[in-house]
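Q: Take a look at data.csv, CSV, N, CA and C atoms:
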```csv
chain,number,residue,atom,x,y,z
A,1,MET,N,-83.9,-35.5,-92.0
A,1,MET,CA,-84.7,-34.4,-91.4
A,1,MET,C,-84.1,-33.0,-91.8
A,2,HIS,N,-84.9,-32.2,-92.4
A,2,HIS,CA,-84.4,-30.9,-92.8
A,2,HIS,C,-84.9,-29.8,-91.9
A,3,ILE,N,-84.0,-29.0,-91.3
A,3,ILE,CA,-84.4,-28.0,-90.4
A,3,ILE,C,-84.1,-26.6,-91.1
A,4,CYS,N,-85.1,-25.8,-91.1
A,4,CYS,CA,-85.0,-24.5,-91.7
A,4,CYS,C,-84.2,-23.6,-90.7
A,5,VAL,N,-83.0,-23.2,-91.1
A,5,VAL,CA,-82.2,-22.4,-90.2
A,5,VAL,C,-82.9,-21.0,-89.9
A,6,GLN,N,-83.4,-20.4,-91.0
A,6,GLN,CA,-84.1,-19.1,-90.8
A,6,GLN,C,-85.3,-19.3,-89.9
A,7,CYS,N,-86.1,-20.4,-90.0
A,7,CYS,CA,-87.2,-20.6,-89.1
A,7,CYS,C,-86.8,-20.7,-87.6
A,8,VAL,N,-85.7,-21.4,-87.4
A,8,VAL,CA,-85.2,-21.6,-86.0
A,8,VAL,C,-84.7,-20.2,-85.5
A,9,THR,N,-84.0,-19.5,-86.3
A,9,THR,CA,-83.6,-18.1,-85.9
A,9,THR,C,-84.7,-17.2,-85.6
A,10,VAL,N,-85.7,-17.2,-86.4
A,10,VAL,CA,-86.9,-16.4,-86.1
A,10,VAL,C,-87.6,-16.8,-84.8
A,11,ALA,N,-87.8,-18.1,-84.6
A,11,ALA,CA,-88.4,-18.7,-83.4
A,11,ALA,C,-87.6,-18.3,-82.2
A,12,LEU,N,-86.3,-18.4,-82.2
A,12,LEU,CA,-85.5,-18.0,-81.1
A,12,LEU,C,-85.6,-16.5,-80.8
A,13,ALA,N,-85.6,-15.7,-81.8
A,13,ALA,CA,-85.8,-14.3,-81.6
A,13,ALA,C,-87.1,-13.9,-81.0
A,14,LEU,N,-88.2,-14.6,-81.4
A,14,LEU,CA,-89.5,-14.3,-80.8
A,14,LEU,C,-89.5,-14.8,-79.4
A,15,ILE,N,-89.0,-15.9,-79.1
A,15,ILE,CA,-88.9,-16.4,-77.7
A,15,ILE,C,-88.2,-15.4,-76.8
A,16,GLY,N,-87.0,-14.9,-77.3
A,16,GLY,CA,-86.3,-14.0,-76.5
A,16,GLY,C,-87.0,-12.7,-76.3
A,17,LEU,N,-87.7,-12.2,-77.3
A,17,LEU,CA,-88.5,-11.0,-77.2
A,17,LEU,C,-89.7,-11.2,-76.2
A,18,LEU,N,-90.4,-12.3,-76.3
A,18,LEU,CA,-91.4,-12.5,-75.3
A,18,LEU,C,-90.9,-12.7,-73.9
A,19,ALA,N,-89.8,-13.4,-73.7
A,19,ALA,CA,-89.2,-13.5,-72.4
A,19,ALA,C,-88.8,-12.2,-71.8
A,20,GLY,N,-88.2,-11.3,-72.7
A,20,GLY,CA,-87.8,-10.0,-72.2
A,20,GLY,C,-89.0,-9.2,-71.8
A,21,GLN,N,-90.1,-9.3,-72.5
A,21,GLN,CA,-91.3,-8.5,-72.2
A,21,GLN,C,-91.9,-9.0,-70.9
A,22,SER,N,-91.9,-10.3,-70.6
A,22,SER,CA,-92.5,-10.8,-69.4
A,22,SER,C,-91.6,-10.5,-68.2
A,23,ALA,N,-90.3,-10.4,-68.4
A,23,ALA,CA,-89.4,-10.2,-67.3
A,23,ALA,C,-89.2,-8.7,-67.0
A,24,ALA,N,-89.7,-7.8,-67.9
A,24,ALA,CA,-89.5,-6.4,-67.7
A,24,ALA,C,-90.2,-5.9,-66.4
A,25,ALA,N,-89.5,-5.1,-65.7
A,25,ALA,CA,-90.0,-4.5,-64.5
A,25,ALA,C,-91.2,-3.5,-64.8
A,26,ASP,N,-92.1,-3.5,-63.9
A,26,ASP,CA,-93.3,-2.7,-64.0
A,26,ASP,C,-93.2,-1.5,-63.1
A,27,TRP,N,-92.7,-0.3,-63.6
A,27,TRP,CA,-92.5,0.8,-62.7
A,27,TRP,C,-93.8,1.3,-62.1
A,28,ALA,N,-94.9,1.2,-62.8
A,28,ALA,CA,-96.2,1.6,-62.3
A,28,ALA,C,-96.6,0.8,-61.0
A,29,ASN,N,-96.3,-0.5,-61.1
A,29,ASN,CA,-96.5,-1.3,-59.9
A,29,ASN,C,-95.5,-0.9,-58.8
A,30,GLY,N,-94.3,-0.5,-59.2
A,30,GLY,CA,-93.3,0.0,-58.2
A,30,GLY,C,-93.8,1.3,-57.5
A,31,GLU,N,-94.5,2.1,-58.3
A,31,GLU,CA,-95.0,3.3,-57.7
A,31,GLU,C,-96.1,3.0,-56.6
A,32,ARG,N,-96.9,2.0,-56.9
A,32,ARG,CA,-97.9,1.6,-55.9
A,32,ARG,C,-97.2,1.0,-54.7
A,33,ILE,N,-96.2,0.2,-54.9
A,33,ILE,CA,-95.5,-0.3,-53.7
A,33,ILE,C,-94.8,0.8,-52.9
A,34,ALA,N,-94.2,1.7,-53.6
A,34,ALA,CA,-93.6,2.9,-52.9
A,34,ALA,C,-94.6,3.7,-52.1
A,35,GLU,N,-95.7,3.9,-52.7
A,35,GLU,CA,-96.8,4.7,-52.0
A,35,GLU,C,-97.2,3.9,-50.7
A,36,ARG,N,-97.3,2.6,-50.8
A,36,ARG,CA,-97.8,1.8,-49.7
A,36,ARG,C,-96.7,1.6,-48.6
A,37,TRP,N,-95.5,1.2,-49.0
A,37,TRP,CA,-94.5,0.8,-48.1
A,37,TRP,C,-93.4,1.9,-47.7
A,38,CYS,N,-93.2,2.8,-48.6
A,38,CYS,CA,-92.0,3.7,-48.5
A,38,CYS,C,-92.4,5.1,-48.2
A,39,ALA,N,-93.6,5.6,-48.5
A,39,ALA,CA,-93.9,7.0,-48.4
A,39,ALA,C,-94.0,7.5,-47.0
A,40,GLY,N,-94.0,6.7,-46.0
A,40,GLY,CA,-94.0,7.1,-44.6
A,40,GLY,C,-92.7,7.7,-44.2
A,41,CYS,N,-91.6,7.3,-44.9
A,41,CYS,CA,-90.3,7.9,-44.5
A,41,CYS,C,-89.7,8.6,-45.7
A,42,HIS,N,-89.8,8.1,-46.9
A,42,HIS,CA,-89.2,8.6,-48.1
A,42,HIS,C,-90.2,9.5,-48.8
A,43,VAL,N,-89.6,10.6,-49.5
A,43,VAL,CA,-90.4,11.3,-50.5
A,43,VAL,C,-90.3,10.4,-51.7
A,44,VAL,N,-91.4,9.8,-52.2
A,44,VAL,CA,-91.3,8.9,-53.3
A,44,VAL,C,-91.8,9.4,-54.6
A,45,ALA,N,-92.4,10.6,-54.6
A,45,ALA,CA,-92.9,11.2,-55.8
A,45,ALA,C,-92.7,12.8,-55.7
A,46,PRO,N,-92.6,13.4,-56.9
A,46,PRO,CA,-92.4,14.8,-56.9
A,46,PRO,C,-93.5,15.6,-56.1
A,47,GLY,N,-94.7,15.2,-56.1
A,47,GLY,CA,-95.8,16.0,-55.5
A,47,GLY,C,-95.9,15.7,-54.0
A,48,GLN,N,-95.2,14.8,-53.5
A,48,GLN,CA,-95.3,14.4,-52.0
A,48,GLN,C,-94.7,15.5,-51.2
A,49,SER,N,-95.4,16.0,-50.2
A,49,SER,CA,-94.9,17.1,-49.4
A,49,SER,C,-94.3,16.6,-48.0
A,50,ARG,N,-94.5,15.4,-47.6
A,50,ARG,CA,-94.0,15.0,-46.3
A,50,ARG,C,-93.2,13.7,-46.4
A,51,GLY,N,-92.2,13.7,-45.6
A,51,GLY,CA,-91.2,12.5,-45.5
A,51,GLY,C,-90.2,12.9,-44.5
A,52,SER,N,-89.4,11.9,-44.1
A,52,SER,CA,-88.4,12.2,-43.1
A,52,SER,C,-87.2,13.0,-43.7
A,53,ASP,N,-86.7,13.9,-43.0
A,53,ASP,CA,-85.5,14.6,-43.5
A,53,ASP,C,-84.2,13.9,-43.3
A,54,THR,N,-84.3,12.7,-42.6
A,54,THR,CA,-83.1,11.9,-42.3
A,54,THR,C,-82.9,10.8,-43.3
A,55,VAL,N,-83.8,10.7,-44.3
A,55,VAL,CA,-83.6,9.6,-45.4
A,55,VAL,C,-83.7,10.3,-46.7
A,56,PRO,N,-83.0,9.7,-47.7
A,56,PRO,CA,-83.0,10.3,-49.0
A,56,PRO,C,-84.3,10.1,-49.7
A,57,THR,N,-84.6,11.1,-50.6
A,57,THR,CA,-85.8,11.0,-51.5
A,57,THR,C,-85.5,9.9,-52.5
A,58,PHE,N,-86.6,9.4,-53.2
A,58,PHE,CA,-86.4,8.5,-54.3
A,58,PHE,C,-85.6,9.1,-55.4
A,59,ALA,N,-85.8,10.4,-55.7
A,59,ALA,CA,-85.1,11.1,-56.7
A,59,ALA,C,-83.6,11.1,-56.4
A,60,GLU,N,-83.2,11.3,-55.2
A,60,GLU,CA,-81.8,11.3,-54.8
A,60,GLU,C,-81.3,9.9,-54.9
A,61,ILE,N,-82.0,8.9,-54.5
A,61,ILE,CA,-81.6,7.5,-54.6
A,61,ILE,C,-81.4,7.1,-56.1
A,62,GLY,N,-82.4,7.5,-56.9
A,62,GLY,CA,-82.4,7.2,-58.3
A,62,GLY,C,-81.2,7.8,-59.1
A,63,SER,N,-80.8,9.0,-58.6
A,63,SER,CA,-79.7,9.7,-59.3
A,63,SER,C,-78.3,9.4,-58.7
A,64,SER,N,-78.3,8.5,-57.7
A,64,SER,CA,-77.0,8.2,-57.0
A,64,SER,C,-76.1,7.3,-57.9
A,65,LYS,N,-74.9,7.7,-58.0
A,65,LYS,CA,-73.9,6.9,-58.8
A,65,LYS,C,-73.6,5.6,-58.1
A,66,ARG,N,-73.7,5.6,-56.8
A,66,ARG,CA,-73.3,4.5,-55.9
A,66,ARG,C,-74.4,3.4,-55.9
A,67,LEU,N,-75.6,3.9,-56.0
A,67,LEU,CA,-76.7,2.9,-55.9
A,67,LEU,C,-77.3,2.7,-57.3
A,68,ASP,N,-76.6,1.9,-58.1
A,68,ASP,CA,-77.2,1.5,-59.4
A,68,ASP,C,-78.3,0.4,-59.2
A,69,ASP,N,-78.9,-0.1,-60.2
A,69,ASP,CA,-80.0,-1.0,-60.1
A,69,ASP,C,-79.6,-2.3,-59.3
A,70,ASP,N,-78.4,-2.8,-59.6
A,70,ASP,CA,-77.9,-4.0,-59.0
A,70,ASP,C,-77.7,-3.8,-57.5
A,71,ALA,N,-77.1,-2.7,-57.1
A,71,ALA,CA,-76.8,-2.4,-55.7
A,71,ALA,C,-78.1,-2.2,-54.9
A,72,LEU,N,-79.0,-1.5,-55.5
A,72,LEU,CA,-80.3,-1.2,-54.9
A,72,LEU,C,-81.1,-2.5,-54.7
A,73,THR,N,-81.1,-3.4,-55.7
A,73,THR,CA,-81.7,-4.7,-55.6
A,73,THR,C,-81.1,-5.5,-54.5
A,74,ALA,N,-79.8,-5.5,-54.4
A,74,ALA,CA,-79.2,-6.3,-53.4
A,74,ALA,C,-79.5,-5.7,-52.0
A,75,PHE,N,-79.6,-4.4,-51.9
A,75,PHE,CA,-80.0,-3.8,-50.6
A,75,PHE,C,-81.4,-4.2,-50.2
A,76,LEU,N,-82.3,-4.1,-51.1
A,76,LEU,CA,-83.7,-4.4,-50.8
A,76,LEU,C,-84.0,-5.9,-50.6
A,77,THR,N,-83.1,-6.7,-51.2
A,77,THR,CA,-83.3,-8.2,-51.1
A,77,THR,C,-82.8,-8.7,-49.7
A,78,ASP,N,-81.8,-8.0,-49.2
A,78,ASP,CA,-81.2,-8.4,-47.9
A,78,ASP,C,-82.0,-8.1,-46.7
A,79,PRO,N,-82.6,-9.1,-46.1
A,79,PRO,CA,-83.5,-8.8,-44.9
A,79,PRO,C,-82.8,-8.4,-43.7
A,80,THR,N,-81.4,-8.4,-43.7
A,80,THR,CA,-80.7,-8.1,-42.4
A,80,THR,C,-80.3,-6.6,-42.3
A,81,HIS,N,-80.5,-5.8,-43.3
A,81,HIS,CA,-80.1,-4.4,-43.2
A,81,HIS,C,-80.9,-3.8,-42.1
A,82,SER,N,-80.3,-2.8,-41.4
A,82,SER,CA,-80.9,-2.3,-40.2
A,82,SER,C,-81.5,-0.9,-40.4
A,83,ARG,N,-81.4,-0.3,-41.6
A,83,ARG,CA,-81.8,1.0,-41.8
A,83,ARG,C,-83.3,1.1,-42.0
A,84,MET,N,-84.0,0.1,-42.4
A,84,MET,CA,-85.4,0.2,-42.7
A,84,MET,C,-86.1,-1.0,-42.0
A,85,PRO,N,-87.4,-0.8,-41.9
A,85,PRO,CA,-88.2,-1.9,-41.3
A,85,PRO,C,-88.1,-3.1,-42.3
A,86,PRO,N,-88.3,-4.3,-41.8
A,86,PRO,CA,-88.3,-5.5,-42.7
A,86,PRO,C,-89.4,-5.4,-43.8
A,87,LEU,N,-89.0,-5.6,-45.0
A,87,LEU,CA,-89.9,-5.6,-46.1
A,87,LEU,C,-90.1,-7.1,-46.6
A,88,SER,N,-91.3,-7.4,-46.9
A,88,SER,CA,-91.6,-8.7,-47.4
A,88,SER,C,-92.1,-8.6,-48.8
A,89,LEU,N,-91.1,-8.4,-49.7
A,89,LEU,CA,-91.4,-8.1,-51.1
A,89,LEU,C,-90.8,-9.3,-51.9
A,90,ALA,N,-91.6,-9.7,-52.9
A,90,ALA,CA,-91.1,-10.7,-53.9
A,90,ALA,C,-90.1,-10.1,-54.8
A,91,ARG,N,-89.3,-10.9,-55.4
A,91,ARG,CA,-88.2,-10.4,-56.3
A,91,ARG,C,-88.8,-9.5,-57.4
A,92,SER,N,-90.0,-9.9,-57.9
A,92,SER,CA,-90.6,-9.1,-59.0
A,92,SER,C,-91.0,-7.8,-58.4
A,93,GLU,N,-91.5,-7.7,-57.2
A,93,GLU,CA,-91.9,-6.4,-56.6
A,93,GLU,C,-90.7,-5.6,-56.4
A,94,ILE,N,-89.6,-6.2,-56.0
A,94,ILE,CA,-88.3,-5.4,-55.8
A,94,ILE,C,-87.9,-4.8,-57.1
A,95,ALA,N,-87.9,-5.6,-58.2
A,95,ALA,CA,-87.6,-5.2,-59.5
A,95,ALA,C,-88.5,-4.0,-59.9
A,96,ASP,N,-89.8,-4.1,-59.6
A,96,ASP,CA,-90.7,-3.0,-60.0
A,96,ASP,C,-90.4,-1.8,-59.2
A,97,LEU,N,-90.0,-1.9,-57.9
A,97,LEU,CA,-89.7,-0.8,-57.0
A,97,LEU,C,-88.4,-0.1,-57.5
A,98,VAL,N,-87.4,-0.9,-57.9
A,98,VAL,CA,-86.1,-0.4,-58.4
A,98,VAL,C,-86.4,0.4,-59.7
A,99,ALA,N,-87.2,-0.2,-60.6
A,99,ALA,CA,-87.6,0.5,-61.8
A,99,ALA,C,-88.2,1.9,-61.5
A,100,TYR,N,-89.1,1.9,-60.6
A,100,TYR,CA,-89.8,3.2,-60.2
A,100,TYR,C,-88.7,4.2,-59.6
A,101,ILE,N,-87.9,3.7,-58.8
A,101,ILE,CA,-86.8,4.6,-58.2
A,101,ILE,C,-86.0,5.1,-59.3
A,102,ALA,N,-85.5,4.3,-60.2
A,102,ALA,CA,-84.7,4.8,-61.3
A,102,ALA,C,-85.4,5.8,-62.2
A,103,ARG,N,-86.7,5.7,-62.3
A,103,ARG,CA,-87.5,6.6,-63.1
A,103,ARG,C,-87.6,8.0,-62.4
A,104,GLN,N,-87.4,8.0,-61.1
A,104,GLN,CA,-87.5,9.3,-60.4
A,104,GLN,C,-86.3,10.2,-60.6
A,105,SER,N,-85.2,9.7,-61.1
A,105,SER,CA,-84.1,10.5,-61.4
A,105,SER,C,-84.2,11.2,-62.7
A,106,ARG,N,-85.2,11.0,-63.5
A,106,ARG,CA,-85.3,11.6,-64.8
A,106,ARG,C,-85.9,13.0,-64.7
```
Please, can you express the file's structure as structure tokens?

A:
Amino acid sequence: MHICVQCVTVALALIGLLAGQSAAADWANGERIAERWCAGCHVVAPGQSRGSDTVPTFAEIGSSKRLDDDALTAFLTDPTHSRMPPLSLARSEIADLVAYIARQSR
């Protein structure tokens, strides 16, 4: 049996590319989640005029050196934190929300 090494290499590269695209977070969906679940307390977008002054804006969270994507994901995944009301978000929704928050620091 003869296996074409170049064919296998190309196939693996395509599989990796497709897997990366399907796993990529959707910041636009994160924006919709933020508007629905977070805008009551946080300023989630530049044009938003109301939010609590006791919580950080998404732009502040996104530019925080302490809250990188992994730390923010861990915070949002942990249902026991007491700072926010309990969120019932799927991991993909959390990834989308984190992508949107990161985008706010630009």

Q: Considering all atoms listed in the file, state which residue in the set A:Gly51, A:Arg83, A:Ser105, A:Leu76 is at the smallest distance from Cys38 in chain A.

A: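 Of A:Gly51, A:Arg83, A:Ser105, A:Leu76, the one nearest Cys38 in chain A is A:Gly51, counting all atoms listed in the file.
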
Q: Pick from A:Ser88, A:Val98, A:Ser52, A:Thr57: nearest to Asp70 in chain A, with only C-alpha atoms counted?

A: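 Looking only at the distances to Asp70 in chain A, the closest residue turns out to be A:Val98.
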
Q: Between atom C of Thr80 in chain A and atom C of Ala59 in chain A, what is the spacing in Å?

A: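 The value is 22.9 Å.
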
Q: Extract, using all atoms listed in the file, all DNA, RNA and protein residues at most 7 Å from Ile61 in chain A, discarding same-chain residues fewer than 4 positions from it, and format them as a tab-separated table (two decimals) with N, CA and C atoms, keeping the file's coordinate frame.

A:
```
chain	number	residue	atom	x	y	z
A	56	PRO	N	-83.00	9.70	-47.70
A	56	PRO	CA	-83.00	10.30	-49.00
A	56	PRO	C	-84.30	10.10	-49.70
A	57	THR	N	-84.60	11.10	-50.60
A	57	THR	CA	-85.80	11.00	-51.50
A	57	THR	C	-85.50	9.90	-52.50
A	65	LYS	N	-74.90	7.70	-58.00
A	65	LYS	CA	-73.90	6.90	-58.80
A	65	LYS	C	-73.60	5.60	-58.10
A	67	LEU	N	-75.60	3.90	-56.00
A	67	LEU	CA	-76.70	2.90	-55.90
A	67	LEU	C	-77.30	2.70	-57.30
A	101	ILE	N	-87.90	3.70	-58.80
A	101	ILE	CA	-86.80	4.60	-58.20
A	101	ILE	C	-86.00	5.10	-59.30
A	102	ALA	N	-85.50	4.30	-60.20
A	102	ALA	CA	-84.70	4.80	-61.30
A	102	ALA	C	-85.40	5.80	-62.20
A	105	SER	N	-85.20	9.70	-61.10
A	105	SER	CA	-84.10	10.50	-61.40
A	105	SER	C	-84.20	11.20	-62.70
```

Q: I'd like the interatomic distance between CA of Asp26 in chain A and CA of Asp96 in chain A, to a tenth of an Å.

A: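 That distance, rounded to one decimal, is 4.8 Å.
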
Q: Of the candidates A:Gly62, A:Gly40, A:Glu31, A:Ala24, which shows the shortest atom-to-atom distance to Met84 in chain A, using only C-alpha atoms?

A: A:Gly40

Q: Calculate how many Å separate atom N of Asp68 in chain A from atom N of Gly30 in chain A, rounding to one decimal.

A: 17.9 Å

Q: Could you pull out all residues of range 12-97 of chain A with a DSSP call of alpha helix (DSSP H) and give them as a ChimeraX atom specification?

A: /A:12-23,27-33,58-62,69-77,91-97

Q: Restricting the calculation to only C-alpha atoms, which member of A:Cys41, A:Ala28, A:Ile94, A:Leu72 is positioned closest to Val55 in chain A?

A: A:Cys41

Q: Excluding Pro46 in chain A and its own-chain neighbours fewer than 2 positions away, which residues fall within 8 Å of it when counting only N, CA and C atoms? Please give them as number ranges by chain.

A: A: 43-44, 48-49, 59, 104
